[in-house]
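Down below is the structure, laid out as structure tokens.
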2 protein chains.
Amino acid sequence: MNANPETAPLPALELEVFLPYRLARASEAVSVDFSKVYHDRLSRTEWRVLATLAQLGKTTATVIGAHAAMHKTKVSRAVFALEKGKWLIRKTDETDRRIEWLELTRTGGKRFAALAKLALAYEARLMEELGPKNARTLLSALNHLEHIKLPNLKR
Amino acid sequence: MNANPETAPLPALELEVFLPYRLARASEAVSVDFSKVYHDRLSRTEWRVLATLAQLGKTTATVIGAHAAMHKTKVSRAVFALEKGKWLIRKTDETDRRIEWLELTRTGGKRFAALAKLALAYEARLMEELGPKNARTLLSALNHLEHIKLPNLKR
DNA sequence: GAATATCAGTTTCATTCGTAACCATCAGAT
DNA sequence: ATCTGATGGTTACGAATGAAACTGATATTC
């Protein structure tokens with residue numbers, strides 16, 4: 001292949017070791033694979049909102065969006081879907097009527113707990129595959145990357 | 001916050017150290033930030049197809065899709081856009097007329113080389129931030145993750 | 001040498017997403 | 001009090017996306 005020098009690959013950019021490319025591929029692969037855990041009950045977006053809400057406890061859509069780095073319209077629609085599915089309820093704040101407080105319903109909490117167990121089992125498998133040392137380095141590197149870049153982001 | 005024990009966060013799933021979540025956030029952050037490099041000339045999808053083509057030299061859409069783990073319709077549309085923008089030309093194979101060979105045009109190659117230079121500079125900054133050792137561990141961990149999971153993926 | 005299956009790539013259609021505009025509400029200034 | 005500007009959240013609309021159906025071509029099977 002590439003007998004014709006005119007069409008030979010430019011040697012400069014090796015995608016196999018190009019970080020943004022590898023990151024995108026690995027992230028997508030893990031995300032899609034992991035989504036099997038909740039796939040029949042939730043969309044990926046809904047899962048993310050739900051998990052964030054479960055961790056934060058009673059909060060608002062805006063806080064969830066900030067925490068999960070998701071666009072507010074995306075959050076808004078996911079909240080609507082989760083509400084419809086009886087995962088959560090919303091209550092308008094007494095004093096500031098713009099704010100909608102969100103919390104898991106009792107059954108929503110239970111159902112989520114069951115999913116969380118599966119999620120943790122999945123992740124444990126991943127971590128084990130990597131070994132504890134690599135896993136730690138990976139997480140800290142991801143953290144680092146995110147914090148280098150996030151200030152530059154406009155969303 | 002969380003005065004009400006009924007709504008207290010479930011302690012089980014800590015998103016801050018949950019790998020799929022961190023991976024998604026970091027990848028998105030880097031990808032969006034990095035897209036500034038080519039943003040005025042190309043979409044993210046087009047960039048990925050272009051970079052893959054540049055590396056592989058003369059190839060087909062199918063090969064590009066397999067290499068970049070992209071859906072074939074996504075590749076098809078990106079190729080169309082790149083063709084329209086005179087980045088590449090396509091030629092139907094002489095003997096098997098289903099196959100469309102793609103290659104960069106001369107100017108497409110030149111324009112890409114300029115972008116690649118910027119891309120490498122960007123990545124160098126990233127790598128430097130991380131330090132060579134962490135960067136290596138990160139890449140190998142990503143590689144590992146991808147290869148653990150990819151066989152399970154159905155696309 | 002038809003009939004059938006497979007393959008590269010495109011198109012159609014329904015869904016998802018982000019931008020921008022929007023509503024309702026609140027805070028601050030005058 | 002009213003005007004201005006911000007804020008939490010939703011909606012309308014166009015662009016991007018993936019699943020599935022499709023086209024045109026080649027391989028395979030009988």
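By order of appearance in the structure tokens: chains A, B, ..., then residues from 1 within every chain, and ligands from 1 in the order shown.
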
Can you write out as CSV which residues of chain B fall within 10 Å of chain C, alongside each residue's closest atom pair and its distance in Å to one decimal, counting only C-alpha atoms (C1' of nucleotides) and ordering rows by chain and ascending residue number?
residue,atom,partner,partner_atom,distance
B:Thr60,CA,C:DA8,C1',8.9
B:Ala61,CA,C:DG9,C1',8.2
B:Thr62,CA,C:DA8,C1',7.3
B:Lys72,CA,C:DG9,C1',8.3
B:Thr73,CA,C:DT10,C1',7.9
B:Val75,CA,C:DG9,C1',9.9
B:Ser76,CA,C:DG9,C1',7.2
B:Arg77,CA,C:DT10,C1',9.0
B:Asp96,CA,C:DA8,C1',9.9
B:Arg97,CA,C:DA8,C1',9.1
B:Arg98,CA,C:DA8,C1',5.3
B:Ile99,CA,C:DA8,C1',5.8
B:Glu100,CA,C:DA8,C1',7.9

Hey, can you spit out that residue selection with N, CA and C atoms as a PDB file, in the first residue's frame?
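part-v9.pdb, freshly written:
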ATOM      1  N   THR B  60     -10.592   3.444   2.073  1.00  0.00           N
ATOM      2  CA  THR B  60     -12.028   3.521   1.821  1.00  0.00           C
ATOM      3  C   THR B  60     -12.742   3.982   3.085  1.00  0.00           C
ATOM      4  N   ALA B  61     -13.992   4.369   2.915  1.00  0.00           N
ATOM      5  CA  ALA B  61     -14.803   4.834   4.035  1.00  0.00           C
ATOM      6  C   ALA B  61     -14.968   3.747   5.094  1.00  0.00           C
ATOM      7  N   THR B  62     -15.145   2.536   4.639  1.00  0.00           N
ATOM      8  CA  THR B  62     -15.336   1.430   5.576  1.00  0.00           C
ATOM      9  C   THR B  62     -14.132   1.263   6.494  1.00  0.00           C
ATOM     10  N   LYS B  72     -20.950   4.062  10.068  1.00  0.00           N
ATOM     11  CA  LYS B  72     -20.672   4.242   8.640  1.00  0.00           C
ATOM     12  C   LYS B  72     -21.454   5.401   8.015  1.00  0.00           C
ATOM     13  N   THR B  73     -22.648   5.656   8.541  1.00  0.00           N
ATOM     14  CA  THR B  73     -23.381   6.803   7.994  1.00  0.00           C
ATOM     15  C   THR B  73     -22.693   8.110   8.366  1.00  0.00           C
ATOM     16  N   VAL B  75     -19.477   8.454   8.778  1.00  0.00           N
ATOM     17  CA  VAL B  75     -18.328   8.554   7.877  1.00  0.00           C
ATOM     18  C   VAL B  75     -18.789   9.005   6.499  1.00  0.00           C
ATOM     19  N   SER B  76     -19.846   8.389   6.019  1.00  0.00           N
ATOM     20  CA  SER B  76     -20.348   8.708   4.687  1.00  0.00           C
ATOM     21  C   SER B  76     -20.612  10.197   4.537  1.00  0.00           C
ATOM     22  N   ARG B  77     -21.275  10.760   5.532  1.00  0.00           N
ATOM     23  CA  ARG B  77     -21.619  12.181   5.442  1.00  0.00           C
ATOM     24  C   ARG B  77     -20.388  13.072   5.574  1.00  0.00           C
ATOM     25  N   ASP B  96     -13.605  -3.590  -8.780  1.00  0.00           N
ATOM     26  CA  ASP B  96     -14.793  -3.751  -7.930  1.00  0.00           C
ATOM     27  C   ASP B  96     -15.468  -2.402  -7.783  1.00  0.00           C
ATOM     28  N   ARG B  97     -16.550  -2.219  -8.518  1.00  0.00           N
ATOM     29  CA  ARG B  97     -17.117  -0.885  -8.616  1.00  0.00           C
ATOM     30  C   ARG B  97     -17.989  -0.492  -7.421  1.00  0.00           C
ATOM     31  N   ARG B  98     -17.980  -1.323  -6.356  1.00  0.00           N
ATOM     32  CA  ARG B  98     -18.622  -0.880  -5.121  1.00  0.00           C
ATOM     33  C   ARG B  98     -17.703   0.031  -4.319  1.00  0.00           C
ATOM     34  N   ILE B  99     -16.411  -0.226  -4.498  1.00  0.00           N
ATOM     35  CA  ILE B  99     -15.420   0.440  -3.640  1.00  0.00           C
ATOM     36  C   ILE B  99     -15.080   1.839  -4.131  1.00  0.00           C
ATOM     37  N   GLU B 100     -15.077   2.786  -3.204  1.00  0.00           N
ATOM     38  CA  GLU B 100     -14.664   4.154  -3.515  1.00  0.00           C
ATOM     39  C   GLU B 100     -13.346   4.443  -2.790  1.00  0.00           C
TER      40      GLU B 100
END

Calculated over only C-alpha atoms, which of the candidates A:Ala113, A:Leu82, A:Ala51, A:Ile89 has the smallest distance to Leu15 in chain B?
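Of the candidates, the smallest distance to Leu15 in chain B is held by A:Ala51.
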
Interatomic distance between CA of Asn143 in chain B and CA of Ala12 in chain A?
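Here the two named atoms are 20.6 Å from each other.
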
Taking only C-alpha atoms into account, report as number ranges by chain which residues of chain A lie within 8 Å of chain B.
A: 2, 7-15, 17-20, 22-34, 51-52, 54-58, 68-69, 103-104, 113, 116-117, 120, 123, 126, 130, 134-135, 137-139, 141-146, 149-150, 152-153

File of the preceding selection, C-alpha atoms, as a PDB file, in the first residue's frame:
ATOM      1  CA  ASN A   2       0.924   3.604  -0.525  1.00  0.00           C
ATOM      2  CA  THR A   7      -0.593   9.704  -1.375  1.00  0.00           C
ATOM      3  CA  ALA A   8       1.769   8.406   1.306  1.00  0.00           C
ATOM      4  CA  PRO A   9       0.591   9.065   4.873  1.00  0.00           C
ATOM      5  CA  LEU A  10       1.861  12.172   6.534  1.00  0.00           C
ATOM      6  CA  PRO A  11       4.045  10.826   9.304  1.00  0.00           C
ATOM      7  CA  ALA A  12       3.419  13.712  11.687  1.00  0.00           C
ATOM      8  CA  LEU A  13       0.201  12.757  13.405  1.00  0.00           C
ATOM      9  CA  GLU A  14       0.101   9.252  14.843  1.00  0.00           C
ATOM     10  CA  LEU A  15      -3.467   8.722  15.944  1.00  0.00           C
ATOM     11  CA  VAL A  17      -0.749   7.688  20.401  1.00  0.00           C
ATOM     12  CA  PHE A  18      -2.675  10.907  19.994  1.00  0.00           C
ATOM     13  CA  LEU A  19      -4.294  11.621  23.318  1.00  0.00           C
ATOM     14  CA  PRO A  20      -7.591  13.296  22.382  1.00  0.00           C
ATOM     15  CA  ARG A  22      -7.460   7.714  22.341  1.00  0.00           C
ATOM     16  CA  LEU A  23      -9.476   9.375  25.028  1.00  0.00           C
ATOM     17  CA  ALA A  24     -12.511   9.648  22.786  1.00  0.00           C
ATOM     18  CA  ARG A  25     -12.320   6.046  21.709  1.00  0.00           C
ATOM     19  CA  ALA A  26     -11.779   4.589  25.161  1.00  0.00           C
ATOM     20  CA  SER A  27     -14.465   6.750  26.713  1.00  0.00           C
ATOM     21  CA  GLU A  28     -17.009   5.856  24.068  1.00  0.00           C
ATOM     22  CA  ALA A  29     -16.170   2.175  24.317  1.00  0.00           C
ATOM     23  CA  VAL A  30     -16.553   2.097  28.085  1.00  0.00           C
ATOM     24  CA  SER A  31     -19.662   4.239  28.068  1.00  0.00           C
ATOM     25  CA  VAL A  32     -21.473   2.131  25.515  1.00  0.00           C
ATOM     26  CA  ASP A  33     -20.425  -1.076  27.179  1.00  0.00           C
ATOM     27  CA  PHE A  34     -21.368   0.155  30.618  1.00  0.00           C
ATOM     28  CA  ALA A  51     -26.710   9.198  39.440  1.00  0.00           C
ATOM     29  CA  THR A  52     -25.830  12.813  40.077  1.00  0.00           C
ATOM     30  CA  ALA A  54     -28.657  10.321  43.941  1.00  0.00           C
ATOM     31  CA  GLN A  55     -25.242  11.464  45.018  1.00  0.00           C
ATOM     32  CA  LEU A  56     -26.132  15.060  45.745  1.00  0.00           C
ATOM     33  CA  GLY A  57     -29.464  14.382  47.426  1.00  0.00           C
ATOM     34  CA  LYS A  58     -32.062  17.112  47.130  1.00  0.00           C
ATOM     35  CA  ALA A  68     -22.125  16.617  35.414  1.00  0.00           C
ATOM     36  CA  ALA A  69     -21.022  19.180  32.801  1.00  0.00           C
ATOM     37  CA  GLU A 103     -35.437  14.504  44.941  1.00  0.00           C
ATOM     38  CA  LEU A 104     -35.646  10.795  44.371  1.00  0.00           C
ATOM     39  CA  ALA A 113     -29.654   1.494  44.655  1.00  0.00           C
ATOM     40  CA  ALA A 116     -25.731   1.321  41.634  1.00  0.00           C
ATOM     41  CA  LYS A 117     -24.808  -2.105  42.915  1.00  0.00           C
ATOM     42  CA  LEU A 120     -20.053  -0.751  41.097  1.00  0.00           C
ATOM     43  CA  GLU A 123     -16.449  -0.811  37.649  1.00  0.00           C
ATOM     44  CA  LEU A 126     -12.662  -2.629  35.137  1.00  0.00           C
ATOM     45  CA  LEU A 130      -6.200  -2.411  35.132  1.00  0.00           C
ATOM     46  CA  ASN A 134      -2.700   1.908  36.926  1.00  0.00           C
ATOM     47  CA  ALA A 135      -6.267   2.647  37.963  1.00  0.00           C
ATOM     48  CA  THR A 137      -2.796   6.876  37.898  1.00  0.00           C
ATOM     49  CA  LEU A 138      -5.551   6.856  35.318  1.00  0.00           C
ATOM     50  CA  LEU A 139      -8.058   8.578  37.575  1.00  0.00           C
ATOM     51  CA  ALA A 141      -4.547  11.848  35.081  1.00  0.00           C
ATOM     52  CA  LEU A 142      -8.172  12.253  34.034  1.00  0.00           C
ATOM     53  CA  ASN A 143      -8.698  14.609  36.903  1.00  0.00           C
ATOM     54  CA  HIS A 144      -5.670  16.566  35.853  1.00  0.00           C
ATOM     55  CA  LEU A 145      -6.764  16.796  32.220  1.00  0.00           C
ATOM     56  CA  GLU A 146     -10.208  17.936  33.146  1.00  0.00           C
ATOM     57  CA  LYS A 149      -8.960  22.301  30.349  1.00  0.00           C
ATOM     58  CA  LEU A 150     -12.248  23.121  31.986  1.00  0.00           C
ATOM     59  CA  ASN A 152     -11.064  27.307  28.931  1.00  0.00           C
ATOM     60  CA  LEU A 153     -14.407  25.787  28.127  1.00  0.00           C
TER      61      LEU A 153
END

With a distance threshold of 10 Å and counting only C-alpha atoms (C1' of nucleotides), extract the residues of chain D near chain A and express them as a ChimeraX atom specification.
/D:7-11

Create the file for the chosen residues now, containing C-alpha atoms (C1' of nucleotides) and written as a PDB file, in the first residue's frame.
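What ended up in out29.pdb:
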ATOM      1  C1'  DT D   7     -31.631  33.663  37.072  1.00  0.00           C
ATOM      2  C1'  DG D   8     -34.008  28.896  36.875  1.00  0.00           C
ATOM      3  C1'  DG D   9     -36.059  26.508  33.738  1.00  0.00           C
ATOM      4  C1'  DT D  10     -38.655  25.354  29.267  1.00  0.00           C
ATOM      5  C1'  DT D  11     -39.540  25.460  24.330  1.00  0.00           C
TER       6       DT D  11
END

DSSP helix (DSSP H, G or I) residues within chain A, as a VMD selection string:
chain A and resid 5 to 7 15 to 17 19 to 37 44 to 56 61 to 68 72 to 84 106 to 130 132 to 152

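Picture a line from CA of Phe80 in chain A to CA of Val63 in chain A; it runs 15.8 Å.
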
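The residues of chain B that DSSP assigns to strand (DSSP E) on this backbone come out as Leu88, Ile89, Arg90, Lys91, Thr92, Glu100, Trp101, Leu102, Glu103 and Leu104 of chain B.
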
Those same residues, written as an mmCIF file, in the first residue's frame with N, CA and C atoms?
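Output file again-v9.cif follows:
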data_model
loop_
_atom_site.group_PDB
_atom_site.id
_atom_site.type_symbol
_atom_site.label_atom_id
_atom_site.label_comp_id
_atom_site.auth_asym_id
_atom_site.auth_seq_id
_atom_site.Cartn_x
_atom_site.Cartn_y
_atom_site.Cartn_z
ATOM 1 N N LEU B 88 -10.519 16.067 -0.182
ATOM 2 C CA LEU B 88 -10.221 14.743 -0.723
ATOM 3 C C LEU B 88 -10.938 14.544 -2.042
ATOM 4 N N ILE B 89 -10.463 13.563 -2.785
ATOM 5 C CA ILE B 89 -11.193 13.115 -3.971
ATOM 6 C C ILE B 89 -11.484 11.631 -3.825
ATOM 7 N N ARG B 90 -12.511 11.192 -4.551
ATOM 8 C CA ARG B 90 -12.805 9.768 -4.526
ATOM 9 C C ARG B 90 -12.765 9.224 -5.939
ATOM 10 N N LYS B 91 -12.327 7.971 -6.022
ATOM 11 C CA LYS B 91 -12.282 7.288 -7.319
ATOM 12 C C LYS B 91 -12.860 5.901 -7.151
ATOM 13 N N THR B 92 -13.766 5.557 -8.028
ATOM 14 C CA THR B 92 -14.327 4.204 -7.984
ATOM 15 C C THR B 92 -13.271 3.202 -8.418
ATOM 16 N N GLU B 100 -15.077 2.786 -3.204
ATOM 17 C CA GLU B 100 -14.664 4.154 -3.515
ATOM 18 C C GLU B 100 -13.346 4.443 -2.790
ATOM 19 N N TRP B 101 -12.305 4.628 -3.539
ATOM 20 C CA TRP B 101 -11.021 4.967 -2.932
ATOM 21 C C TRP B 101 -10.987 6.446 -2.614
ATOM 22 N N LEU B 102 -10.510 6.727 -1.434
ATOM 23 C CA LEU B 102 -10.412 8.118 -1.002
ATOM 24 C C LEU B 102 -8.954 8.489 -0.855
ATOM 25 N N GLU B 103 -8.626 9.695 -1.307
ATOM 26 C CA GLU B 103 -7.309 10.236 -0.950
ATOM 27 C C GLU B 103 -7.375 11.743 -0.830
ATOM 28 N N LEU B 104 -6.432 12.246 -0.059
ATOM 29 C CA LEU B 104 -6.347 13.691 0.095
ATOM 30 C C LEU B 104 -5.963 14.321 -1.232
#

In Å, how far is it from CA of Val37 in chain B to CA of Ile64 in chain B?
21.6 Å
